[in-house]
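Peer 1: You'll find coords-v6.txt just under this line, and it carries compact mmCIF, C-alpha atoms and all ligand atoms.
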```txt
# COMPACT_ATOMS: atom_id res chain seq x y z
CA MET A 1 -43.64 31.97 -15.95
CA THR A 2 -42.52 28.35 -16.20
CA ALA A 3 -43.97 25.94 -13.70
CA PRO A 4 -41.53 24.77 -11.02
CA THR A 5 -40.20 21.26 -11.52
CA VAL A 6 -41.87 18.92 -9.07
CA ILE A 7 -39.75 15.99 -8.05
CA PRO A 8 -41.89 13.10 -6.81
CA MET A 9 -40.99 12.30 -3.22
CA ASN A 10 -39.74 8.81 -4.07
CA GLU A 11 -37.34 10.16 -6.70
CA SER A 12 -35.81 12.92 -4.63
CA PRO A 13 -32.51 11.83 -3.10
CA LEU A 14 -33.14 14.11 -0.13
CA ALA A 15 -36.59 12.67 0.52
CA SER A 16 -35.14 9.23 1.11
CA PRO A 17 -34.77 8.20 4.73
CA MET A 18 -31.66 6.19 3.77
CA PRO A 19 -28.41 7.88 4.81
CA ARG A 20 -26.77 6.08 1.88
CA GLN A 21 -28.65 8.16 -0.71
CA ALA A 22 -28.15 11.40 1.19
CA ALA A 23 -24.44 10.73 1.26
CA VAL A 24 -24.41 10.05 -2.50
CA ALA A 25 -26.11 13.40 -3.07
CA ALA A 26 -23.52 15.05 -0.84
CA THR A 27 -20.74 13.46 -2.89
CA MET A 28 -22.24 14.79 -6.10
CA GLU A 29 -22.27 18.28 -4.67
CA SER A 30 -18.81 18.05 -3.13
CA PRO A 31 -16.28 20.68 -4.18
CA ILE A 32 -13.61 17.96 -3.93
CA LEU A 33 -12.49 16.76 -7.35
CA GLY A 34 -14.12 13.44 -8.14
CA THR A 35 -11.01 11.26 -8.46
CA TYR A 36 -12.52 8.72 -6.06
CA LYS A 37 -15.83 6.88 -6.02
CA ARG A 38 -16.43 7.39 -2.32
CA ALA A 39 -18.56 5.00 -0.27
CA PRO A 40 -21.84 6.45 0.96
CA VAL A 41 -20.76 6.79 4.57
CA GLU A 42 -18.85 9.31 6.65
CA PHE A 43 -16.87 8.26 9.70
CA VAL A 44 -16.59 10.62 12.63
CA ARG A 45 -14.48 8.61 15.07
CA GLY A 46 -12.61 5.37 15.55
CA SER A 47 -11.61 3.05 18.36
CA GLY A 48 -9.46 -0.06 18.06
CA VAL A 49 -10.49 -1.85 14.86
CA TYR A 50 -13.84 -0.02 14.59
CA LEU A 51 -14.88 3.16 12.79
CA TYR A 52 -18.14 4.91 13.71
CA ASP A 53 -20.51 7.06 11.68
CA ALA A 54 -22.40 10.09 13.02
CA GLU A 55 -25.33 7.89 14.12
CA GLY A 56 -22.96 5.79 16.23
CA LYS A 57 -23.06 2.75 13.95
CA GLY A 58 -19.81 0.78 14.22
CA TYR A 59 -17.96 -0.64 11.23
CA LEU A 60 -15.33 -3.32 11.63
CA ASP A 61 -12.44 -2.03 9.58
CA PHE A 62 -10.57 -4.50 7.35
CA VAL A 63 -9.30 -1.68 5.12
CA SER A 64 -7.19 0.27 7.66
CA GLY A 65 -7.13 3.37 5.46
CA ILE A 66 -5.64 1.10 2.75
CA ALA A 67 -2.93 -0.49 4.88
CA VAL A 68 -2.12 2.74 6.75
CA ASN A 69 -3.77 2.36 10.16
CA ALA A 70 -1.75 -0.64 11.32
CA LEU A 71 -2.26 0.35 14.98
CA GLY A 72 -6.02 0.79 14.60
CA TYR A 73 -7.81 3.89 15.89
CA ASP A 74 -7.46 6.03 19.00
CA ASP A 75 -4.23 4.27 19.94
CA THR A 76 -2.89 5.76 23.20
CA GLY A 77 0.79 5.50 22.25
CA LEU A 78 0.22 7.05 18.85
CA LYS A 79 -1.83 9.90 20.34
CA THR A 80 0.90 10.59 22.90
CA ALA A 81 3.53 10.66 20.13
CA ILE A 82 1.41 13.08 18.08
CA HIS A 83 0.91 15.35 21.10
CA ALA A 84 4.64 15.28 21.86
CA ALA A 85 5.44 16.05 18.21
CA ALA A 86 3.08 19.02 18.29
CA GLU A 87 5.00 20.44 21.26
CA GLY A 88 8.12 20.64 19.10
CA LEU A 89 8.85 22.19 15.73
CA VAL A 90 6.51 21.18 12.95
CA HIS A 91 8.60 22.23 9.96
CA THR A 92 11.95 23.81 9.25
CA SER A 93 12.60 22.55 5.64
CA ASN A 94 15.33 20.28 4.41
CA LEU A 95 17.82 23.14 4.40
CA TYR A 96 18.47 22.23 8.05
CA SER A 97 18.78 18.88 9.77
CA THR A 98 16.53 17.85 12.64
CA SER A 99 17.25 15.36 15.38
CA ALA A 100 13.90 13.59 14.80
CA GLY A 101 14.74 13.03 11.11
CA GLU A 102 18.26 11.85 11.95
CA ARG A 103 16.99 9.47 14.64
CA LEU A 104 14.30 8.03 12.37
CA ALA A 105 16.79 7.44 9.56
CA ALA A 106 19.21 5.81 12.03
CA ALA A 107 16.42 3.55 13.32
CA LEU A 108 15.43 2.49 9.77
CA VAL A 109 19.08 1.79 8.94
CA ALA A 110 19.54 -0.21 12.15
CA LYS A 111 16.48 -2.36 11.38
CA SER A 112 17.20 -3.01 7.69
CA PHE A 113 19.77 -3.73 4.97
CA ALA A 114 20.05 0.00 4.26
CA ASP A 115 22.85 2.51 4.84
CA LYS A 116 20.98 5.70 3.88
CA VAL A 117 17.38 6.94 3.79
CA PHE A 118 15.59 9.57 1.72
CA PHE A 119 12.32 10.89 3.18
CA CYS A 120 9.37 12.15 1.16
CA ASN A 121 5.59 12.41 1.54
CA SER A 122 3.88 9.48 -0.17
CA GLY A 123 4.36 6.12 -1.80
CA ALA A 124 4.40 7.34 -5.38
CA GLU A 125 6.97 9.95 -4.42
CA ALA A 126 9.16 7.31 -2.80
CA ASN A 127 9.09 5.25 -6.01
CA GLU A 128 9.77 8.32 -8.17
CA GLY A 129 12.78 9.02 -5.96
CA ALA A 130 13.99 5.43 -6.24
CA PHE A 131 13.73 5.61 -10.06
CA LYS A 132 15.87 8.74 -10.10
CA PHE A 133 18.46 7.29 -7.71
CA ALA A 134 18.66 4.10 -9.80
CA ARG A 135 19.17 6.04 -13.01
CA ARG A 136 21.81 8.28 -11.46
CA TRP A 137 23.67 5.19 -10.20
CA ALA A 138 23.32 3.20 -13.43
CA ARG A 139 24.43 6.05 -15.72
CA ASN A 140 27.84 5.82 -14.05
CA LEU A 141 28.02 2.24 -15.30
CA GLY A 142 27.03 2.96 -18.90
CA ASP A 143 25.44 5.80 -20.81
CA ALA A 144 22.59 3.69 -22.22
CA LYS A 145 21.76 2.13 -18.86
CA HIS A 146 18.51 3.91 -17.97
CA GLU A 147 15.50 1.61 -18.44
CA ILE A 148 13.22 0.75 -15.55
CA ILE A 149 11.27 -2.50 -15.62
CA ALA A 150 8.16 -3.34 -13.64
CA LEU A 151 6.05 -6.50 -13.50
CA ARG A 152 2.63 -7.50 -14.79
CA GLY A 153 0.04 -6.63 -12.11
CA ALA A 154 2.24 -3.94 -10.56
CA PHE A 155 0.99 -0.81 -8.84
CA HIS A 156 3.66 1.75 -8.02
CA GLY A 157 1.67 5.00 -8.01
CA ARG A 158 -0.02 7.47 -10.31
CA LEU A 159 2.52 10.22 -10.87
CA PHE A 160 3.97 10.27 -14.37
CA GLY A 161 7.01 8.06 -13.72
CA THR A 162 5.20 5.61 -11.48
CA LEU A 163 2.14 5.51 -13.74
CA ALA A 164 4.34 4.10 -16.50
CA ALA A 165 5.30 1.33 -14.06
CA THR A 166 1.69 0.69 -13.00
CA ASP A 167 -0.09 -2.08 -14.89
CA ARG A 168 -3.62 -0.72 -15.00
CA PRO A 169 -4.76 0.20 -18.54
CA GLY A 170 -7.64 2.28 -17.17
CA TYR A 171 -5.25 4.46 -15.16
CA ARG A 172 -2.69 4.73 -17.97
CA LEU A 173 -4.52 5.18 -21.27
CA PRO A 174 -6.08 8.64 -20.72
CA PHE A 175 -2.67 10.09 -19.89
CA ARG A 176 -0.51 8.90 -22.79
CA PRO A 177 2.20 9.53 -23.74
CA LEU A 178 3.61 8.06 -20.56
CA THR A 179 7.17 8.56 -19.36
CA PRO A 180 9.51 6.74 -21.75
CA GLY A 181 12.12 4.24 -20.58
CA ILE A 182 9.75 2.46 -18.19
CA SER A 183 8.18 -0.86 -19.28
CA ILE A 184 6.14 -3.71 -17.88
CA PHE A 185 7.02 -7.39 -18.37
CA GLU A 186 5.34 -10.65 -17.43
CA ARG A 187 6.16 -12.24 -14.08
CA ASP A 188 8.07 -14.88 -15.96
CA LEU A 189 11.73 -15.72 -15.50
CA HIS A 190 12.36 -16.50 -19.18
CA GLU A 191 10.83 -13.23 -20.33
CA LEU A 192 12.66 -11.27 -17.65
CA ASP A 193 15.93 -12.99 -18.44
CA ALA A 194 15.62 -11.64 -22.00
CA ALA A 195 14.40 -8.19 -20.90
CA LEU A 196 16.98 -7.50 -18.21
CA SER A 197 19.83 -6.36 -20.43
CA GLU A 198 22.94 -5.35 -18.52
CA ASP A 199 23.64 -2.63 -21.11
CA THR A 200 20.29 -0.81 -21.00
CA VAL A 201 18.44 -1.63 -17.76
CA ALA A 202 19.02 0.49 -14.65
CA ALA A 203 16.42 -0.99 -12.30
CA LEU A 204 13.78 -3.64 -11.75
CA ILE A 205 10.96 -2.67 -9.37
CA VAL A 206 8.95 -5.40 -7.66
CA GLU A 207 6.30 -5.61 -4.94
CA PRO A 208 7.10 -8.78 -2.95
CA VAL A 209 3.33 -9.00 -2.46
CA GLN A 210 1.40 -7.19 -5.17
CA GLY A 211 -1.42 -5.28 -3.49
CA GLU A 212 -3.59 -3.38 -5.96
CA GLY A 213 -2.83 -6.05 -8.58
CA GLY A 214 -4.94 -8.57 -6.66
CA VAL A 215 -2.92 -9.54 -3.57
CA ARG A 216 -0.38 -11.80 -5.28
CA VAL A 217 2.37 -13.19 -3.11
CA LEU A 218 5.44 -13.54 -5.31
CA ASP A 219 7.16 -16.88 -4.92
CA HIS A 220 10.30 -16.66 -2.78
CA GLY A 221 12.26 -18.69 -5.33
CA PHE A 222 11.17 -16.25 -8.05
CA LEU A 223 12.33 -13.29 -5.94
CA ARG A 224 15.66 -14.98 -5.29
CA GLU A 225 16.15 -15.61 -9.04
CA LEU A 226 15.38 -11.95 -9.75
CA ARG A 227 17.89 -10.89 -7.12
CA ALA A 228 20.58 -13.14 -8.62
CA MET A 229 19.85 -11.94 -12.18
CA THR A 230 19.87 -8.25 -11.30
CA LYS A 231 23.00 -8.56 -9.17
CA ALA A 232 24.94 -10.31 -11.92
CA ARG A 233 23.91 -7.61 -14.44
CA HIS A 234 24.44 -4.58 -12.21
CA ILE A 235 20.75 -3.72 -12.23
CA ALA A 236 19.28 -2.13 -9.10
CA LEU A 237 16.56 -4.21 -7.46
CA ILE A 238 13.96 -1.87 -5.95
CA LEU A 239 11.41 -3.54 -3.68
CA ASP A 240 8.19 -1.60 -3.31
CA GLU A 241 7.06 -2.45 0.23
CA ILE A 242 4.70 0.49 0.45
CA GLN A 243 1.71 -1.78 1.04
CA CYS A 244 3.30 -5.08 2.11
CA GLY A 245 6.09 -3.70 4.31
CA LEU A 246 6.35 -2.60 7.94
CA GLY A 247 4.87 -5.69 9.54
CA ARG A 248 1.93 -6.34 7.23
CA THR A 249 3.22 -9.80 6.20
CA GLY A 250 4.46 -10.76 9.68
CA THR A 251 8.07 -9.60 9.33
CA LEU A 252 9.15 -5.97 9.43
CA PHE A 253 10.04 -6.19 5.72
CA ALA A 254 8.33 -8.66 3.40
CA HIS A 255 11.58 -9.44 1.57
CA GLU A 256 13.14 -10.86 4.74
CA GLN A 257 11.01 -13.97 4.19
CA ALA A 258 12.64 -14.60 0.80
CA GLY A 259 16.09 -14.08 2.32
CA ILE A 260 17.15 -11.48 -0.24
CA VAL A 261 18.98 -8.17 0.12
CA PRO A 262 17.66 -5.49 -2.25
CA ASP A 263 19.41 -2.30 -3.39
CA MET A 264 16.48 -0.08 -2.45
CA VAL A 265 13.18 -0.45 -0.58
CA THR A 266 10.35 2.05 -0.75
CA LEU A 267 8.01 2.58 2.21
CA ALA A 268 5.01 4.79 2.96
CA LYS A 269 1.43 3.98 4.08
CA PRO A 270 1.71 3.01 7.81
CA ILE A 271 5.09 4.59 8.47
CA ALA A 272 3.83 7.71 10.27
CA GLY A 273 0.56 6.42 11.70
CA GLY A 274 -1.66 8.16 9.12
CA LEU A 275 0.43 11.29 8.58
CA PRO A 276 1.79 11.56 5.04
CA MET A 277 5.30 10.19 4.75
CA GLY A 278 7.34 8.06 2.36
CA ALA A 279 10.90 6.77 2.49
CA VAL A 280 13.50 5.25 0.21
CA LEU A 281 15.96 2.94 1.94
CA MET A 282 19.19 2.28 0.00
CA THR A 283 22.65 0.82 0.15
CA ASN A 284 25.82 2.93 0.26
CA GLU A 285 26.55 1.88 -3.30
CA ILE A 286 23.45 3.74 -4.56
CA ALA A 287 23.71 6.56 -2.02
CA SER A 288 27.33 7.32 -2.85
CA VAL A 289 26.46 8.65 -6.33
CA ILE A 290 23.71 11.03 -5.14
CA LYS A 291 24.82 14.63 -4.82
CA ALA A 292 23.12 17.68 -3.27
CA GLY A 293 20.50 18.94 -5.71
CA ASP A 294 19.91 15.56 -7.40
CA HIS A 295 16.52 15.31 -5.70
CA GLY A 296 14.50 17.17 -3.11
CA THR A 297 11.22 17.84 -1.33
CA THR A 298 10.10 20.70 0.89
CA PHE A 299 8.29 18.65 3.51
CA GLY A 300 9.96 15.21 3.44
CA GLY A 301 10.97 13.88 6.86
CA GLY A 302 10.09 17.05 8.77
CA PRO A 303 10.33 16.95 12.58
CA PHE A 304 6.60 16.49 13.22
CA VAL A 305 6.08 13.40 11.03
CA ALA A 306 9.50 12.01 11.89
CA THR A 307 8.74 12.13 15.64
CA VAL A 308 5.49 10.25 15.07
CA ALA A 309 7.13 7.77 12.68
CA LEU A 310 9.79 6.96 15.29
CA HIS A 311 7.02 5.80 17.60
CA VAL A 312 5.23 3.85 14.84
CA LEU A 313 8.43 2.13 13.69
CA ASP A 314 9.17 1.08 17.23
CA ARG A 315 5.69 -0.42 17.60
CA LEU A 316 5.64 -2.12 14.19
CA SER A 317 9.02 -3.74 14.74
CA ASP A 318 8.00 -5.20 18.11
CA PRO A 319 8.69 -8.96 17.80
CA ALA A 320 5.49 -9.73 19.74
CA LEU A 321 3.36 -7.78 17.24
CA LEU A 322 5.09 -9.46 14.29
CA GLU A 323 4.56 -12.86 15.88
CA HIS A 324 0.88 -11.98 16.38
CA VAL A 325 0.54 -11.03 12.68
CA ARG A 326 2.13 -14.32 11.61
CA GLU A 327 -0.10 -16.35 13.93
CA VAL A 328 -3.48 -14.72 13.30
CA GLY A 329 -2.54 -14.28 9.63
CA ALA A 330 -2.03 -18.01 9.11
CA TRP A 331 -5.29 -18.69 10.95
CA PHE A 332 -7.12 -16.01 8.88
CA GLY A 333 -5.96 -17.58 5.61
CA LYS A 334 -7.16 -21.00 6.77
CA GLN A 335 -10.58 -19.55 7.67
CA LEU A 336 -10.84 -17.88 4.25
CA ASN A 337 -10.13 -21.21 2.55
CA GLU A 338 -12.83 -22.84 4.65
CA ILE A 339 -15.29 -20.07 3.74
CA ALA A 340 -14.39 -20.59 0.08
CA HIS A 341 -15.16 -24.27 0.47
CA ARG A 342 -18.43 -23.75 2.38
CA THR A 343 -19.88 -21.00 0.17
CA SER A 344 -18.58 -21.99 -3.29
CA ARG A 345 -18.53 -18.24 -3.98
CA VAL A 346 -14.74 -17.86 -3.95
CA ARG A 347 -12.46 -18.94 -6.77
CA GLN A 348 -9.13 -18.39 -5.06
CA VAL A 349 -7.66 -17.24 -1.74
CA ARG A 350 -4.26 -15.50 -1.71
CA GLY A 351 -2.24 -13.72 0.93
CA VAL A 352 0.13 -13.73 3.84
CA GLY A 353 0.15 -12.14 7.30
CA LEU A 354 -2.76 -9.69 7.43
CA MET A 355 -2.89 -9.01 3.68
CA TRP A 356 -5.45 -11.21 1.93
CA GLY A 357 -7.35 -11.28 -1.33
CA ILE A 358 -10.16 -13.53 -2.48
CA ASP A 359 -11.35 -13.82 -6.07
CA VAL A 360 -15.14 -13.83 -5.86
CA MET A 361 -17.93 -14.91 -8.18
CA GLY A 362 -19.58 -11.71 -9.40
CA THR A 363 -17.92 -8.38 -8.84
CA ALA A 364 -15.78 -7.36 -5.89
CA ALA A 365 -17.62 -4.00 -5.80
CA HIS A 366 -20.89 -5.81 -5.05
CA VAL A 367 -19.36 -7.76 -2.15
CA VAL A 368 -17.69 -4.59 -0.80
CA SER A 369 -20.98 -2.69 -0.87
CA GLU A 370 -22.99 -5.53 0.75
CA ALA A 371 -20.36 -5.83 3.49
CA LEU A 372 -20.53 -2.09 4.14
CA GLY A 373 -24.28 -2.40 4.70
CA ARG A 374 -23.56 -5.10 7.31
CA GLY A 375 -20.88 -3.08 9.09
CA LEU A 376 -17.72 -4.57 7.59
CA LEU A 377 -15.24 -2.47 5.63
CA ILE A 378 -13.35 -4.34 2.91
CA CYS A 379 -12.05 -3.07 -0.42
CA SER A 380 -11.34 -4.34 -3.89
CA ALA A 381 -8.10 -4.99 -5.73
CA GLY A 382 -9.27 -5.22 -9.32
CA ASP A 383 -12.74 -6.11 -10.56
CA TYR A 384 -13.05 -9.56 -8.99
CA THR A 385 -10.72 -9.51 -5.98
CA VAL A 386 -11.88 -8.51 -2.52
CA ARG A 387 -8.97 -7.32 -0.40
CA MET A 388 -8.63 -7.40 3.38
CA LEU A 389 -5.99 -5.42 5.28
CA PRO A 390 -7.09 -5.41 8.94
CA PRO A 391 -5.17 -3.35 11.50
CA LEU A 392 -2.18 -5.42 12.64
CA VAL A 393 -3.44 -5.18 16.23
CA ALA A 394 -6.74 -6.95 15.41
CA THR A 395 -7.46 -9.87 17.75
CA GLN A 396 -8.53 -13.30 16.55
CA ASP A 397 -12.06 -12.62 17.88
CA GLU A 398 -12.29 -9.38 15.90
CA LEU A 399 -11.01 -11.12 12.79
CA LEU A 400 -13.53 -13.91 13.31
CA ARG A 401 -16.39 -11.41 13.53
CA GLY A 402 -15.33 -9.92 10.18
CA LEU A 403 -15.07 -13.35 8.60
CA GLN A 404 -18.59 -14.20 9.80
CA ILE A 405 -19.96 -11.07 8.10
CA LEU A 406 -17.97 -11.84 4.95
CA GLU A 407 -19.41 -15.36 4.85
CA GLU A 408 -22.96 -14.01 5.24
CA VAL A 409 -22.33 -11.61 2.36
CA LEU A 410 -20.90 -14.32 0.13
C1 LIG B 1 2.60 -1.00 -3.63
C2 LIG B 1 2.24 0.45 -3.73
N1 LIG B 1 3.13 1.31 -4.26
C3 LIG B 1 2.87 2.62 -4.36
C4 LIG B 1 1.66 3.13 -3.95
C5 LIG B 1 1.39 4.61 -4.07
O1 LIG B 1 1.36 5.16 -2.81
P1 LIG B 1 0.66 6.61 -2.57
O2 LIG B 1 -0.79 6.42 -2.78
O3 LIG B 1 1.03 6.95 -1.15
O4 LIG B 1 1.29 7.53 -3.55
C6 LIG B 1 0.69 2.28 -3.43
C7 LIG B 1 -0.62 2.80 -3.03
O5 LIG B 1 -1.58 2.10 -2.92
C8 LIG B 1 0.99 0.91 -3.30
O6 LIG B 1 0.11 0.05 -2.81
```
Please express the file's structure as structure tokens.
Peer 2:
Amino acid sequence: MTAPTVIPMNESPLASPMPRQAAVAATMESPILGTYKRAPVEFVRGSGVYLYDAEGKGYLDFVSGIAVNALGYDDTGLKTAIHAAAEGLVHTSNLYSTSAGERLAAALVAKSFADKVFFCNSGAEANEGAFKFARRWARNLGDAKHEIIALRGAFHGRLFGTLAATDRPGYRLPFRPLTPGISIFERDLHELDAALSEDTVAALIVEPVQGEGGVRVLDHGFLRELRAMTKARHIALILDEIQCGLGRTGTLFAHEQAGIVPDMVTLAKPIAGGLPMGAVLMTNEIASVIKAGDHGTTFGGGPFVATVALHVLDRLSDPALLEHVREVGAWFGKQLNEIAHRTSRVRQVRGVGLMWGIDVMGTAAHVVSEALGRGLLICSAGDYTVRMLPPLVATQDELLRGLQILEEVL
């Protein structure tokens, strides 16, 4: 008989009194595929801008489920909308129309440049749809017109089409060969001028504020030049507002601030208050070439999510909320710059509205983990950028509390 292995108490993860280690052990044993490095904490409830773990410890949330929970937690209006939605039909498929889907599409059209809307279930799916619609439209203009161009620092998703438009070598390399006909170019007008051939390019996809790529606010003049260039060459301009849209930058759509009219806009994240939903907004010019069967999805825009999204859209387009985001956002950015000055631990501050990134000395992961220990949730956007995406309803006092913790950590 072999002797049983004795694990010294101080080496056994389960012997540790620290919930952090227990949670790590739980993660290792989880039957969920390990595509995420999950933080060693589990939240059991939320209220306002706070999440709570099972021991009742509160965490001030500047992640918002990665820009999803714009209304914070336990919001009365959102709960009422979800209850009302549950009273009706949950799903009938896209073989039949539903009044909730029709009303949501009409509301999105009324609030935007768009004439038509395609609903799906996530951000990557919205971008995949936009790529297909752009190609379908462009092929009518020339047989070779099929290329899709994205920008340095872009993140558009991790499905095969969107992965080819996502500028993260670590995400891309293990999955080569990537989808052909999709390339990444520098955020440089001269380079793009050469790349954007009228004969071969169908679409340019751009995040007005790059999120995962480090919170980079694209210059309004740059966006306007891109719009002019793509218009003149009959290239569809797709704006990915999955992270920066729906109020996050202080206007319902981020591109409004640059004064441009795109051909398509993709949305997801906050649109249905945490339920999975994506949308592609487009002009009649694009929509007119799309025929039944060109694209599809079983769940997209079903009555349950659409009913909830109608409520969320109404709330996120409230001028008072948008004004609040602009006001506290400007103040938040100023505070971050002051923290950078006081601590000398921040190389650069970037952002707009309630979407901010700071480049830190040392790694972002270290700052994120230290903040977690002090009850503040923040996330990274690349190795050295700490990203903050508080709920849009956060008050100045709540934001100040988070900034105080961040300063302590730095
Ligand atoms: C700008 C942008 N586009 C696309 C996506 C992909 O969205 P999803 O994770 O819902 O597929 C994300 C997700 O972070 C995003 O930030």
Peer 1: What's around His91 in chain A at 10 Å? Count only C-alpha atoms, leave out sequence neighbours fewer than 4 positions away in its own chain, and write the answer as a PyMOL selection string.
Peer 2: chain A and resi 98+298-305
Peer 1: Pick the closest to ligand LIG 1 (chain B) from A:Leu246, A:Met277, A:Leu189, A:Leu218: which is it, counting all atoms listed in the file?
Peer 2: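 The shortest atom-to-atom distance to ligand LIG 1 (chain B) comes from A:Met277.
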Peer 1: One number please: CA of Thr179 in chain A to CA of Gly161 in chain A, in Å, one decimal.
Peer 2: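 So the two atoms, CA of Thr179 in chain A and CA of Gly161 in chain A, lie 5.7 Å apart.
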Peer 1: Could you tell me how far CA of Asp397 in chain A lies from CA of Thr251 in chain A, in Å and to one decimal?
Peer 2: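 CA of Asp397 in chain A sits 22.1 Å away from CA of Thr251 in chain A.
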Peer 1: Just want the residues within 7 Å of ligand LIG 1 (chain B), written as a VMD selection string, counting all atoms listed in the file.
Peer 2: chain A and resid 122 to 125 127 155 to 158 207 210 to 212 240 to 243 268 to 269
Peer 1: Which is closest to Val49 in chain A among A:Leu252, A:Leu89, A:Ala394, A:Ala154, if we use only C-alpha atoms?
Peer 2: A:Ala394
Peer 1: Pick the closest to Gly65 in chain A from A:Gly278, A:Pro177, A:Gly250, A:Gly46: which is it, counting all atoms listed in the file?
Peer 2: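 Nearest to Gly65 in chain A: A:Gly46.
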Peer 1: Hey, can you check how far CA of Val265 in chain A sits from CA of Leu281 in chain A?
Peer 2: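 If I compute the distance from CA of Val265 in chain A to CA of Leu281 in chain A, I get 5.1 Å.
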Peer 1: In terms of the shortest atom-to-atom distance over all atoms listed in the file, which of A:Pro31, A:Ile378, A:Ser47, A:His311 is closest to Ala100 in chain A?
Peer 2: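 Among the listed residues, A:His311 lies closest to Ala100 in chain A.
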Peer 1: Pick the closest to Thr385 in chain A from A:Asp318, A:Leu410, A:Gly214, A:Glu370: which is it, counting only C-alpha atoms?
Peer 2: A:Gly214
Peer 1: With a distance cut-off of 7 Å and all atoms listed in the file, select the neighbouring residues of Asp359 in chain A, excluding the residue or stretch itself and same-chain residues fewer than 4 positions from it, and output the selection as a VMD selection string.
Peer 2: chain A and resid 346 to 349 384 to 386
Peer 1: So which one's closest to Met282 in chain A, A:Ser97, A:Ser197, A:Ser112, A:Thr166? Using all atoms listed in the file, please.
Peer 2: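 Among A:Ser97, A:Ser197, A:Ser112, A:Thr166, it is A:Ser112 that comes nearest to Met282 in chain A.
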Peer 1: Using only C-alpha atoms, which protein or nucleic acid residues come within 12 Å of range 169-171 of chain A? Drop anything in the same chain fewer than 6 positions from it, and give the result as number ranges by chain.
Peer 2: A: 35, 152-160, 162-163, 178, 184, 213, 382-383
Peer 1: Could you please take those selected residues and save C-alpha atoms as a short mmCIF file (atom, residue, chain, number, x, y, z; two decimals), in the coordinates of the input?
Peer 2:
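Contents of result29.cif, freshly written:
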```cif
data_model
loop_
_atom_site.label_atom_id
_atom_site.label_comp_id
_atom_site.auth_asym_id
_atom_site.auth_seq_id
_atom_site.Cartn_x
_atom_site.Cartn_y
_atom_site.Cartn_z
CA THR A 35 -11.01 11.26 -8.46
CA ARG A 152 2.63 -7.50 -14.79
CA GLY A 153 0.04 -6.63 -12.11
CA ALA A 154 2.24 -3.94 -10.56
CA PHE A 155 0.99 -0.81 -8.84
CA HIS A 156 3.66 1.75 -8.02
CA GLY A 157 1.67 5.00 -8.01
CA ARG A 158 -0.02 7.47 -10.31
CA LEU A 159 2.52 10.22 -10.87
CA PHE A 160 3.97 10.27 -14.37
CA THR A 162 5.20 5.61 -11.48
CA LEU A 163 2.14 5.51 -13.74
CA LEU A 178 3.61 8.06 -20.56
CA ILE A 184 6.14 -3.71 -17.88
CA GLY A 213 -2.83 -6.05 -8.58
CA GLY A 382 -9.27 -5.22 -9.32
CA ASP A 383 -12.74 -6.11 -10.56
#
```
Peer 1: Please determine the residues with any atom at most 6 Å from (25.5, 3.9, 2.8) (coordinates as given in the file, with all atoms listed in the file counting) and report them as a list in words.
Peer 2: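 Checked against the point, the hits come out as Asp115, Lys116, Thr283, Asn284 and Ala287 of chain A.
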Peer 1: Give as a ChimeraX atom specification every residue, naming chains and numbers as the document does, that has an atom within 7 Å of (-19.8, 7.7, 9.4), counting all atoms listed in the file.
Peer 2: /A:41-44,52-54
Peer 1: Could you list, as number ranges by chain, every residue within 12 Å of Phe62 in chain A, counting all atoms listed in the file and ignoring same-chain residues fewer than 4 positions away?
Peer 2: A: 48-51, 66-70, 72, 354-357, 368, 371-372, 375-380, 386-394, 398-403, 405-406
